[in-house]
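Just my_file_35.txt here, compact mmCIF, C-alpha atoms (C1' of nucleotides):
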# COMPACT_ATOMS: atom_id res chain seq x y z
CA MET A 107 16.72 -3.38 -22.33
CA ASP A 108 16.07 -4.95 -19.00
CA HIS A 109 12.90 -6.96 -18.98
CA ALA A 110 13.23 -7.96 -15.36
CA VAL A 111 13.19 -4.39 -14.17
CA ALA A 112 10.53 -3.46 -16.70
CA SER A 113 8.35 -6.29 -15.44
CA TRP A 114 8.87 -5.19 -11.88
CA VAL A 115 7.94 -1.60 -12.60
CA ARG A 116 4.87 -2.60 -14.53
CA LEU A 117 3.87 -5.06 -11.87
CA LEU A 118 4.02 -2.24 -9.35
CA ARG A 119 2.04 0.17 -11.47
CA GLY A 120 -0.43 -2.39 -12.73
CA HIS A 121 -1.07 -3.73 -9.30
CA ALA A 122 -1.67 -0.30 -7.85
CA ALA A 123 -4.07 0.72 -10.59
CA LEU A 124 -5.94 -2.55 -10.66
CA ARG A 125 -6.20 -2.85 -6.96
CA ARG A 126 -7.52 0.64 -6.61
CA LEU A 127 -10.11 -0.09 -9.23
CA VAL A 128 -11.29 -3.34 -7.73
CA SER A 129 -11.07 -2.01 -4.23
CA THR A 130 -13.30 0.94 -5.02
CA GLN A 131 -15.90 -1.28 -6.61
CA LEU A 132 -15.80 -3.76 -3.75
CA GLN A 133 -15.92 -1.10 -1.08
CA ALA A 134 -18.74 0.86 -2.62
CA ASN A 135 -20.94 -2.11 -3.42
CA HIS A 136 -20.28 -4.41 -0.51
CA GLY A 137 -18.31 -2.57 2.13
CA LEU A 138 -15.35 -4.90 1.90
CA THR A 139 -11.67 -4.37 1.28
CA VAL A 140 -9.86 -6.65 -1.12
CA SER A 141 -8.21 -8.52 1.73
CA GLU A 142 -11.47 -8.94 3.56
CA TYR A 143 -13.13 -10.26 0.46
CA GLU A 144 -10.32 -12.68 -0.21
CA ALA A 145 -10.35 -13.88 3.35
CA LEU A 146 -14.06 -14.60 3.15
CA LEU A 147 -13.50 -16.37 -0.12
CA LEU A 148 -10.81 -18.59 1.36
CA LEU A 149 -13.06 -19.38 4.29
CA GLU A 150 -15.91 -20.29 2.03
CA GLU A 151 -13.75 -22.66 0.08
CA ALA A 152 -12.24 -24.16 3.19
CA ASP A 153 -13.28 -27.43 4.75
CA GLY A 154 -15.95 -26.71 7.34
CA HIS A 155 -15.82 -23.04 6.36
CA ARG A 156 -13.07 -22.53 8.90
CA LEU A 157 -9.37 -21.82 8.76
CA ARG A 158 -6.56 -21.26 11.21
CA GLY A 159 -5.01 -17.84 11.28
CA VAL A 160 -1.83 -19.29 9.98
CA ASP A 161 -3.60 -20.60 6.91
CA LEU A 162 -4.91 -17.15 6.19
CA VAL A 163 -1.42 -15.75 6.60
CA ALA A 164 -0.32 -18.10 3.87
CA GLY A 165 -3.40 -17.70 1.71
CA LEU A 166 -3.57 -13.95 1.78
CA ALA A 167 -0.25 -12.21 1.53
CA LEU A 168 -0.29 -10.83 5.05
CA THR A 169 1.65 -10.99 8.28
CA PRO A 170 0.18 -12.67 11.36
CA SER A 171 -0.73 -9.37 12.94
CA GLY A 172 -2.35 -8.25 9.74
CA VAL A 173 -4.54 -11.34 9.87
CA THR A 174 -5.41 -10.76 13.51
CA ARG A 175 -6.61 -7.30 12.63
CA LEU A 176 -8.41 -8.43 9.54
CA LEU A 177 -10.32 -10.99 11.56
CA ASP A 178 -11.11 -8.38 14.20
CA ARG A 179 -12.80 -6.36 11.51
CA LEU A 180 -14.67 -9.29 10.02
CA ARG A 181 -15.83 -10.29 13.47
CA LYS A 182 -17.03 -6.79 14.17
CA LEU A 183 -18.95 -6.93 10.90
CA GLY A 184 -20.57 -10.14 12.07
CA LEU A 185 -19.28 -12.12 9.12
CA VAL A 186 -16.96 -14.43 10.99
CA GLU A 187 -16.56 -15.86 14.45
CA ARG A 188 -13.79 -17.42 16.48
CA ALA A 189 -13.60 -21.06 17.46
CA THR A 190 -11.02 -22.95 19.39
CA CYS A 191 -9.31 -26.07 18.20
CA GLU A 192 -9.62 -28.96 20.61
CA GLY A 193 -6.50 -30.60 19.27
CA ASP A 194 -4.28 -27.55 19.61
CA ALA A 195 -5.03 -24.80 22.08
CA ARG A 196 -2.84 -22.30 20.26
CA VAL A 197 -4.95 -22.03 17.17
CA ALA A 198 -7.93 -19.74 16.84
CA TYR A 199 -10.14 -20.81 14.01
CA ALA A 200 -11.95 -18.24 11.96
CA VAL A 201 -15.38 -19.61 11.08
CA LEU A 202 -17.53 -18.16 8.34
CA LEU A 203 -20.99 -17.20 9.59
CA ASP A 204 -24.11 -17.22 7.47
CA ALA A 205 -23.91 -13.47 7.06
CA GLY A 206 -20.37 -13.85 5.78
CA HIS A 207 -21.45 -16.54 3.41
CA ALA A 208 -24.17 -14.32 2.03
CA ARG A 209 -21.89 -11.34 1.76
CA VAL A 210 -19.16 -13.09 -0.13
CA ARG A 211 -21.62 -14.64 -2.54
CA GLN A 212 -23.05 -11.23 -3.30
CA ALA A 213 -19.67 -9.66 -3.70
CA ALA A 214 -18.13 -12.42 -5.78
CA CYS A 215 -20.44 -11.81 -8.65
CA GLY A 216 -19.62 -8.17 -9.23
CA HIS A 217 -16.01 -8.67 -8.29
CA VAL A 218 -15.41 -11.36 -10.84
CA ALA A 219 -17.30 -9.41 -13.45
CA ALA A 220 -15.17 -6.34 -12.84
CA ILE A 221 -11.96 -8.32 -13.11
CA ARG A 222 -13.06 -10.12 -16.23
CA ALA A 223 -13.97 -6.81 -17.79
CA VAL A 224 -10.57 -5.32 -17.12
CA PHE A 225 -8.68 -8.30 -18.41
CA ALA A 226 -10.96 -9.19 -21.29
CA GLU A 227 -10.53 -5.83 -22.92
CA ARG A 228 -6.77 -6.14 -22.84
CA TYR A 229 -5.93 -9.76 -23.54
CA THR A 230 -6.99 -12.66 -25.66
CA ASP A 231 -7.81 -15.95 -23.96
CA ILE A 232 -4.46 -17.35 -24.92
CA GLU A 233 -2.61 -14.36 -23.55
CA LEU A 234 -4.57 -14.62 -20.35
CA GLY A 235 -3.44 -18.19 -19.99
CA GLN A 236 0.16 -17.15 -20.51
CA LEU A 237 -0.15 -14.28 -18.10
CA ALA A 238 -1.66 -16.46 -15.40
CA GLU A 239 1.03 -19.06 -15.87
CA LEU A 240 3.86 -16.55 -15.77
CA LEU A 241 2.51 -14.72 -12.76
CA GLY A 242 2.08 -18.05 -11.03
CA ARG A 243 5.84 -18.42 -10.91
CA LEU A 244 6.35 -15.33 -8.83
CA PRO A 245 7.32 -15.99 -5.24
CA GLY A 246 4.24 -16.59 -3.17
CA ALA A 247 1.93 -16.32 -6.13
CA SER A 248 0.87 -19.92 -6.07
CA GLY A 249 0.41 -22.21 -3.14
CA SER A 250 1.92 -21.31 0.18
CA VAL A 251 4.47 -18.66 0.78
CA CYS A 252 7.97 -19.59 1.73
CA PRO A 253 9.49 -16.45 3.13
CA ALA A 254 12.61 -18.09 4.49
CA GLU A 255 13.79 -19.30 1.12
CA SER A 256 12.90 -16.13 -0.72
CA THR A 257 14.50 -13.77 1.74
CA ALA A 258 17.60 -15.88 1.65
CA SER A 259 17.78 -15.55 -2.10
CA ILE A 260 17.34 -11.81 -1.84
CA ALA A 261 19.76 -11.44 1.00
CA GLY A 262 22.28 -13.26 -1.08
CA ALA A 263 21.53 -11.04 -4.02
CA ALA A 264 21.89 -7.78 -2.17
CA PRO A 265 25.61 -7.58 -1.57
CA PRO A 266 27.12 -8.94 -4.77
CA VAL A 267 28.05 -5.41 -5.59
CA PRO A 268 30.50 -3.28 -3.66
CA CYS A 269 27.85 -0.70 -2.93
CA SER A 270 29.51 0.80 0.08
CA ASP A 271 27.03 -0.91 2.34
CA MET B 61 -10.37 -22.31 -14.31
CA ASP B 62 -10.79 -18.65 -14.95
CA HIS B 63 -7.59 -17.14 -16.20
CA ALA B 64 -8.64 -13.57 -15.58
CA VAL B 65 -9.36 -14.23 -11.93
CA ALA B 66 -6.32 -16.46 -11.62
CA SER B 67 -4.15 -13.71 -13.05
CA TRP B 68 -5.63 -11.21 -10.67
CA VAL B 69 -5.05 -13.38 -7.63
CA ARG B 70 -1.52 -14.15 -8.66
CA LEU B 71 -0.84 -10.54 -9.38
CA LEU B 72 -1.97 -9.72 -5.87
CA ARG B 73 0.09 -12.43 -4.24
CA GLY B 74 3.11 -11.96 -6.42
CA HIS B 75 3.12 -8.25 -5.93
CA ALA B 76 2.88 -8.56 -2.17
CA ALA B 77 5.66 -11.08 -1.92
CA LEU B 78 7.96 -9.33 -4.34
CA ARG B 79 7.40 -5.94 -2.89
CA ARG B 80 8.13 -7.18 0.58
CA LEU B 81 11.39 -8.71 -0.58
CA VAL B 82 12.56 -5.66 -2.44
CA SER B 83 11.34 -3.34 0.24
CA THR B 84 13.25 -5.18 2.94
CA GLN B 85 16.45 -5.09 0.94
CA LEU B 86 16.05 -1.44 0.08
CA GLN B 87 15.14 -0.44 3.60
CA ALA B 88 17.93 -2.37 5.25
CA ASN B 89 20.66 -1.29 2.89
CA HIS B 90 19.68 2.25 2.07
CA GLY B 91 16.91 3.35 4.37
CA LEU B 92 14.45 3.90 1.56
CA THR B 93 10.99 2.62 0.83
CA VAL B 94 10.15 1.44 -2.64
CA SER B 95 8.18 4.60 -3.37
CA GLU B 96 10.95 6.81 -2.10
CA TYR B 97 13.47 5.02 -4.24
CA GLU B 98 11.30 5.26 -7.32
CA ALA B 99 10.67 8.92 -6.71
CA LEU B 100 14.39 9.60 -6.51
CA LEU B 101 14.89 7.61 -9.67
CA LEU B 102 12.29 9.62 -11.53
CA LEU B 103 13.87 12.81 -10.32
CA GLU B 104 17.29 11.72 -11.42
CA GLU B 105 16.06 10.96 -14.88
CA ALA B 106 14.08 14.15 -15.12
CA ASP B 107 15.20 17.22 -16.95
CA GLY B 108 17.02 19.46 -14.50
CA HIS B 109 16.59 16.77 -11.82
CA ARG B 110 13.28 18.33 -10.91
CA LEU B 111 9.65 17.35 -11.26
CA ARG B 112 6.30 18.80 -10.34
CA GLY B 113 4.29 16.96 -7.76
CA VAL B 114 1.74 16.13 -10.36
CA ASP B 115 4.37 14.39 -12.45
CA LEU B 116 5.27 12.24 -9.51
CA VAL B 117 1.61 11.43 -8.97
CA ALA B 118 1.56 10.10 -12.51
CA GLY B 119 4.97 8.46 -12.38
CA LEU B 120 4.53 6.68 -9.09
CA ALA B 121 1.12 5.18 -8.52
CA LEU B 122 0.13 7.52 -5.71
CA THR B 123 -2.48 10.12 -4.86
CA PRO B 124 -1.50 13.78 -4.57
CA SER B 125 -1.49 13.66 -0.81
CA GLY B 126 0.66 10.57 -0.89
CA VAL B 127 3.19 12.48 -2.94
CA THR B 128 3.10 15.45 -0.58
CA ARG B 129 3.93 13.14 2.29
CA LEU B 130 6.55 11.28 0.33
CA LEU B 131 8.31 14.55 -0.48
CA ASP B 132 8.06 15.64 3.14
CA ARG B 133 10.03 12.56 4.08
CA LEU B 134 12.59 12.97 1.34
CA ARG B 135 13.08 16.58 2.31
CA LYS B 136 13.53 15.62 5.93
CA LEU B 137 16.16 13.13 4.79
CA GLY B 138 17.93 15.93 2.96
CA LEU B 139 17.64 14.19 -0.39
CA VAL B 140 15.32 16.62 -2.08
CA GLU B 141 14.32 20.26 -1.81
CA ARG B 142 11.43 22.40 -2.90
CA ALA B 143 11.54 25.01 -5.60
CA THR B 144 8.90 27.26 -6.97
CA CYS B 145 8.02 27.56 -10.61
CA GLU B 146 8.17 31.09 -11.89
CA GLY B 147 5.73 30.32 -14.66
CA ASP B 148 3.08 28.81 -12.43
CA ALA B 149 2.81 29.67 -8.76
CA ARG B 150 0.75 26.60 -7.99
CA VAL B 151 3.46 24.09 -8.65
CA ALA B 152 6.05 23.06 -6.11
CA TYR B 153 9.00 21.48 -7.81
CA ALA B 154 10.86 18.70 -6.10
CA VAL B 155 14.55 19.07 -6.85
CA LEU B 156 17.05 16.29 -6.33
CA LEU B 157 19.94 17.33 -4.10
CA ASP B 158 23.43 15.92 -4.34
CA ALA B 159 22.78 13.71 -1.36
CA GLY B 160 19.73 12.33 -3.12
CA HIS B 161 21.71 11.76 -6.26
CA ALA B 162 24.31 9.81 -4.33
CA ARG B 163 21.73 7.83 -2.44
CA VAL B 164 19.81 6.69 -5.47
CA ARG B 165 22.98 5.71 -7.28
CA GLN B 166 24.01 3.55 -4.39
CA ALA B 167 20.58 2.02 -4.04
CA ALA B 168 19.99 1.32 -7.71
CA CYS B 169 22.80 -1.11 -7.76
CA GLY B 170 21.54 -3.54 -5.18
CA HIS B 171 17.95 -2.94 -6.13
CA VAL B 172 18.40 -3.92 -9.73
CA ALA B 173 20.52 -6.87 -8.72
CA ALA B 174 17.83 -8.11 -6.34
CA ILE B 175 15.12 -7.82 -8.95
CA ARG B 176 17.17 -9.51 -11.60
CA ALA B 177 17.94 -12.32 -9.20
CA VAL B 178 14.29 -12.95 -8.46
CA PHE B 179 13.22 -12.88 -12.08
CA ALA B 180 16.22 -14.62 -13.57
CA GLU B 181 15.70 -17.70 -11.47
CA ARG B 182 12.11 -18.02 -12.63
CA TYR B 183 11.97 -16.99 -16.28
CA THR B 184 13.90 -17.26 -19.49
CA ASP B 185 14.74 -14.09 -21.36
CA ILE B 186 11.93 -14.72 -23.80
CA GLU B 187 9.43 -15.24 -21.04
CA LEU B 188 10.58 -12.07 -19.37
CA GLY B 189 9.93 -10.21 -22.57
CA GLN B 190 6.45 -11.66 -22.76
CA LEU B 191 5.75 -10.91 -19.14
CA ALA B 192 6.89 -7.32 -19.45
CA GLU B 193 4.79 -6.84 -22.55
CA LEU B 194 1.68 -8.36 -21.01
CA LEU B 195 2.02 -6.44 -17.77
CA GLY B 196 2.50 -3.29 -19.78
CA ARG B 197 -1.07 -3.53 -20.94
CA LEU B 198 -2.52 -3.30 -17.46
CA PRO B 199 -4.22 -0.04 -16.66
CA GLY B 200 -1.70 2.48 -15.45
CA ALA B 201 1.22 0.18 -16.05
CA SER B 202 2.50 2.38 -18.81
CA GLY B 203 1.58 5.57 -17.06
CA SER B 204 4.42 7.97 -17.58
CA VAL B 205 5.86 11.24 -16.46
CA CYS B 206 6.32 13.90 -19.10
CA PRO B 207 7.46 12.01 -22.17
CA ALA B 208 5.52 9.07 -23.52
CA GLU B 209 8.39 6.64 -23.29
CA SER B 210 9.34 7.24 -19.71
CA THR B 211 8.49 3.75 -18.51
CA ALA B 212 11.06 2.44 -20.90
CA SER B 213 13.49 4.93 -19.53
CA ILE B 214 12.95 3.71 -16.00
CA ALA B 215 13.00 0.14 -17.06
CA GLY B 216 15.91 0.37 -19.37
CA ALA B 217 17.85 2.84 -17.31
CA ALA B 218 21.37 1.65 -17.07
CA PRO B 219 22.24 1.39 -13.42
CA PRO B 220 23.55 4.87 -12.69
CA VAL B 221 26.64 3.34 -11.29
CA PRO B 222 28.93 0.75 -12.84
CA CYS B 223 27.34 -2.30 -11.37
CA SER B 224 29.14 -5.55 -11.73
CA ASP B 225 26.22 -7.90 -11.88
C1' DA C 57 -12.50 42.90 -16.19
C1' DG C 58 -15.07 39.30 -13.62
C1' DG C 59 -17.03 34.88 -12.54
C1' DG C 60 -16.79 30.00 -13.08
C1' DT C 61 -14.17 26.00 -13.60
C1' DA C 62 -9.98 23.36 -13.67
C1' DT C 63 -5.37 22.49 -11.80
C1' DA C 64 -1.66 21.98 -8.14
C1' DC C 65 -0.83 21.12 -3.77
C1' DT C 66 -1.63 20.72 1.45
C1' DT C 67 -3.82 19.35 5.75
C1' DG C 68 -6.43 16.55 9.33
C1' DA C 69 -8.58 12.42 10.35
C1' DC C 70 -8.35 7.93 9.48
C1' DT C 71 -7.11 2.98 7.85
C1' DG C 72 -4.91 -1.10 6.74
C1' DG C 73 -0.98 -2.83 7.43
C1' DT C 74 4.01 -3.60 9.51
C1' DC C 75 7.40 -4.70 13.15
C1' DA C 76 9.04 -5.94 17.67
C1' DA C 77 7.96 -7.88 21.76
C1' DC C 78 5.28 -10.95 24.02
C1' DA C 79 2.29 -14.94 25.92
C1' DA C 80 0.79 -19.41 25.47
C1' DT C 81 0.96 -23.90 23.75
C1' DA C 82 3.23 -27.75 21.29
C1' DT C 83 7.18 -30.68 19.99
C1' DA C 84 11.75 -32.75 20.15
C1' DG C 85 15.89 -34.26 22.46
C1' DC C 86 18.27 -35.57 26.41
C1' DG D 280 9.80 -36.22 32.78
C1' DC D 281 12.15 -31.70 31.63
C1' DT D 282 14.28 -28.29 29.40
C1' DA D 283 15.00 -26.03 24.80
C1' DT D 284 13.02 -24.69 20.66
C1' DA D 285 9.31 -23.95 17.38
C1' DT D 286 4.60 -22.64 16.35
C1' DT D 287 0.36 -19.79 16.86
C1' DG D 288 -1.55 -15.83 17.86
C1' DT D 289 -2.03 -11.04 20.09
C1' DT D 290 -0.80 -6.28 21.44
C1' DG D 291 1.36 -1.49 21.27
C1' DA D 292 3.76 1.73 18.62
C1' DC D 293 4.18 3.28 14.39
C1' DC D 294 4.03 4.20 9.16
C1' DA D 295 2.75 4.97 4.46
C1' DG D 296 -0.92 6.04 2.12
C1' DT D 297 -6.08 7.35 1.44
C1' DC D 298 -10.06 10.45 1.42
C1' DA D 299 -12.46 14.71 2.03
C1' DA D 300 -11.98 19.27 2.44
C1' DG D 301 -9.55 23.44 1.80
C1' DT D 302 -6.21 27.06 -0.26
C1' DA D 303 -4.28 29.15 -3.93
C1' DT D 304 -3.39 29.88 -8.57
C1' DA D 305 -4.34 29.54 -13.58
C1' DC D 306 -7.36 29.41 -17.54
C1' DC D 307 -11.53 30.33 -20.22
C1' DC D 308 -15.57 32.70 -21.69
C1' DT D 309 -18.69 36.48 -22.21

Would it be possible to restate this file's structure as structure tokens?
Amino acid sequence: MDHAVASWVRLLRGHAALRRLVSTQLQANHGLTVSEYEALLLLEEADGHRLRGVDLVAGLALTPSGVTRLLDRLRKLGLVERATCEGDARVAYAVLLDAGHARVRQAACGHVAAIRAVFAERYTDIELGQLAELLGRLPGASGSVCPAESTASIAGAAPPVPCSD
Amino acid sequence: MDHAVASWVRLLRGHAALRRLVSTQLQANHGLTVSEYEALLLLEEADGHRLRGVDLVAGLALTPSGVTRLLDRLRKLGLVERATCEGDARVAYAVLLDAGHARVRQAACGHVAAIRAVFAERYTDIELGQLAELLGRLPGASGSVCPAESTASIAGAAPPVPCSD
DNA sequence: AGGGTATACTTGACTGGTCAACAATATAGC
DNA sequence: GCTATATTGTTGACCAGTCAAGTATACCCT
């Protein structure tokens, strides 16, 4: 029995099912994708309701171009605007507008309720604590992502077997 | 702190990071996406090395059209072929070809090694058992192909090739 | 047998995201 | 100061997957 592989498979399946569920609810009720919602949430929690693109790259699990496109959409929706950083001309702040603030507040309520419902019917409080703790140890699951280190570990793991490649 | 929401967020992040790692390794070494690999694996384990599209829809976490497109790709790669079902003219079997058999055997090796590496450096065996069990309760996480215990068969599948890891 | 519904799969239009290449700015070392 | 390198972000080409709609077959009911 291989619990690592089992965990991986279930993580894949569980993620897909859960995300589809939440995504449908979020899209239907508030016209937001999961990533858009999470971006707004990060912005709301951020100091001055603004973040650099690079912070969103770390906070969401996206690539820089993904974030650029995400912000394009949010800007087109009128939920966010750009601002320059006087200290560093490279950065383009994303600033939460009032409309974005309102939208995320609306969405958060149903979103959190939906998630709680899914989890509450499957786990006890104690199990939820365990689950959160365990998932928090996954790469990138807590704090900022460190792709360099992780890829290195994978790259090192790939060829330990004479797999003809 | 809300453990349900925390779990959800970490599931999102962890899934994204992990999938990217595994996907990179699989793509670089064997030219397969995660879904393609998993489809081949399901086919290899299936009776007669063939499955209906609908079984793949259940076994992978995809929509029917996603599976159609996935099989298009695998067919173009020469790893799989179509077959009709004499009992039911609606179904289009996907049949694993020898090339597909070979490919998935090669890939399984490095794939499993990569996953074990990621998990082994973060969890004890006991924790892995817990994690697998908890994740198994997520919606769709235990979704299976024909037999009820097929997740276990994927998870516990001995690497199809003697894999020295 | 015939009509209605459910199942299995495909197709076209689209979307959210990736990657590679790039431009611009910042930082460090000589 | 001045070049080399790193950081921040954008763009074009592309890709895997979704959704809505459609085709074809199977099943059920009277």

Query - Non-local contacts of segment 287-293 of chain D (9 Å; all atoms listed in the file; under 4 positions in same chain excluded) as a list in words - result: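 Skipping anything fewer than 4 positions along the chain leaves Gly159, Val160, Pro170, Ser171, Thr174, Arg196, Val197 and Ala198 of chain A; DT74, DC75, DA77, DC78, DA79, DA80 and DT81 of chain C.
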
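Once chain A is fitted onto chain B using all Cα atoms matched in sequence order, the root-mean-square deviation is 12.5 Å.
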
Report task. Would you mind reading off the distance between atom CA of Leu138 of chain A and atom CA of Gly126 of chain B, one decimal, in Å? Result -> 22.4 Å

Report task. Could you tell me how far atom C1' of DA295 of chain D lies from atom CA of Ser129 of chain A, in Å and to one decimal? Result -> 17.8 Å

Query - Surrounding residues of Leu101 of chain B excluding itself and chain neighbours under 2 positions, 10 Å, only C-alpha atoms (C1' of nucleotides), as a ChimeraX atom specification - result: /B:95-99,103-106,109,156,160-161,163-165,167-168,214,217,220

Query raised in the report: So which residues touch DG85 of chain C within 12 Å, counting only C-alpha atoms (C1' of nucleotides), skipping near sequence neighbours fewer than 5 positions away, as a PyMOL selection string?
Result: chain D and resi 281-284

Report task. Figure out the distance between atom CA of Leu127 of chain A and atom CA of Ala64 of chain B, please, to one decimal in Å. Result -> 15.0 Å

Report task. Find the residues around DG58 of chain C up to 12 Å (only C-alpha atoms (C1' of nucleotides) counted), leave out those fewer than 6 positions away in its own chain, and share them as a ChimeraX atom specification. Result -> /D:307-309

Rebuild segment 116-127 of chain A to N, CA and C atoms - output it as an mmCIF file, in the coordinates of the input, please.
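Contents of result36.cif, as written:
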data_model
loop_
_atom_site.group_PDB
_atom_site.id
_atom_site.type_symbol
_atom_site.label_atom_id
_atom_site.label_comp_id
_atom_site.auth_asym_id
_atom_site.auth_seq_id
_atom_site.Cartn_x
_atom_site.Cartn_y
_atom_site.Cartn_z
ATOM 1 N N ARG A 116 6.239 -2.475 -14.046
ATOM 2 C CA ARG A 116 4.870 -2.600 -14.530
ATOM 3 C C ARG A 116 4.004 -3.380 -13.566
ATOM 4 N N LEU A 117 4.615 -4.325 -12.893
ATOM 5 C CA LEU A 117 3.870 -5.060 -11.870
ATOM 6 C C LEU A 117 3.438 -4.098 -10.774
ATOM 7 N N LEU A 118 4.348 -3.248 -10.362
ATOM 8 C CA LEU A 118 4.020 -2.240 -9.350
ATOM 9 C C LEU A 118 2.869 -1.361 -9.800
ATOM 10 N N ARG A 119 3.040 -0.763 -10.968
ATOM 11 C CA ARG A 119 2.040 0.170 -11.470
ATOM 12 C C ARG A 119 0.712 -0.532 -11.719
ATOM 13 N N GLY A 120 0.784 -1.666 -12.391
ATOM 14 C CA GLY A 120 -0.430 -2.390 -12.730
ATOM 15 C C GLY A 120 -1.175 -2.822 -11.490
ATOM 16 N N HIS A 121 -0.446 -3.321 -10.534
ATOM 17 C CA HIS A 121 -1.070 -3.730 -9.300
ATOM 18 C C HIS A 121 -1.776 -2.572 -8.633
ATOM 19 N N ALA A 122 -1.089 -1.454 -8.533
ATOM 20 C CA ALA A 122 -1.670 -0.300 -7.850
ATOM 21 C C ALA A 122 -2.964 0.141 -8.542
ATOM 22 N N ALA A 123 -2.899 0.258 -9.857
ATOM 23 C CA ALA A 123 -4.070 0.720 -10.590
ATOM 24 C C ALA A 123 -5.226 -0.268 -10.466
ATOM 25 N N LEU A 124 -4.911 -1.531 -10.698
ATOM 26 C CA LEU A 124 -5.940 -2.550 -10.660
ATOM 27 C C LEU A 124 -6.554 -2.675 -9.276
ATOM 28 N N ARG A 125 -5.699 -2.668 -8.301
ATOM 29 C CA ARG A 125 -6.200 -2.850 -6.960
ATOM 30 C C ARG A 125 -7.096 -1.692 -6.553
ATOM 31 N N ARG A 126 -6.702 -0.505 -6.963
ATOM 32 C CA ARG A 126 -7.520 0.640 -6.610
ATOM 33 C C ARG A 126 -8.896 0.512 -7.254
ATOM 34 N N LEU A 127 -8.871 0.098 -8.502
ATOM 35 C CA LEU A 127 -10.110 -0.090 -9.230
ATOM 36 C C LEU A 127 -11.033 -1.083 -8.538
#
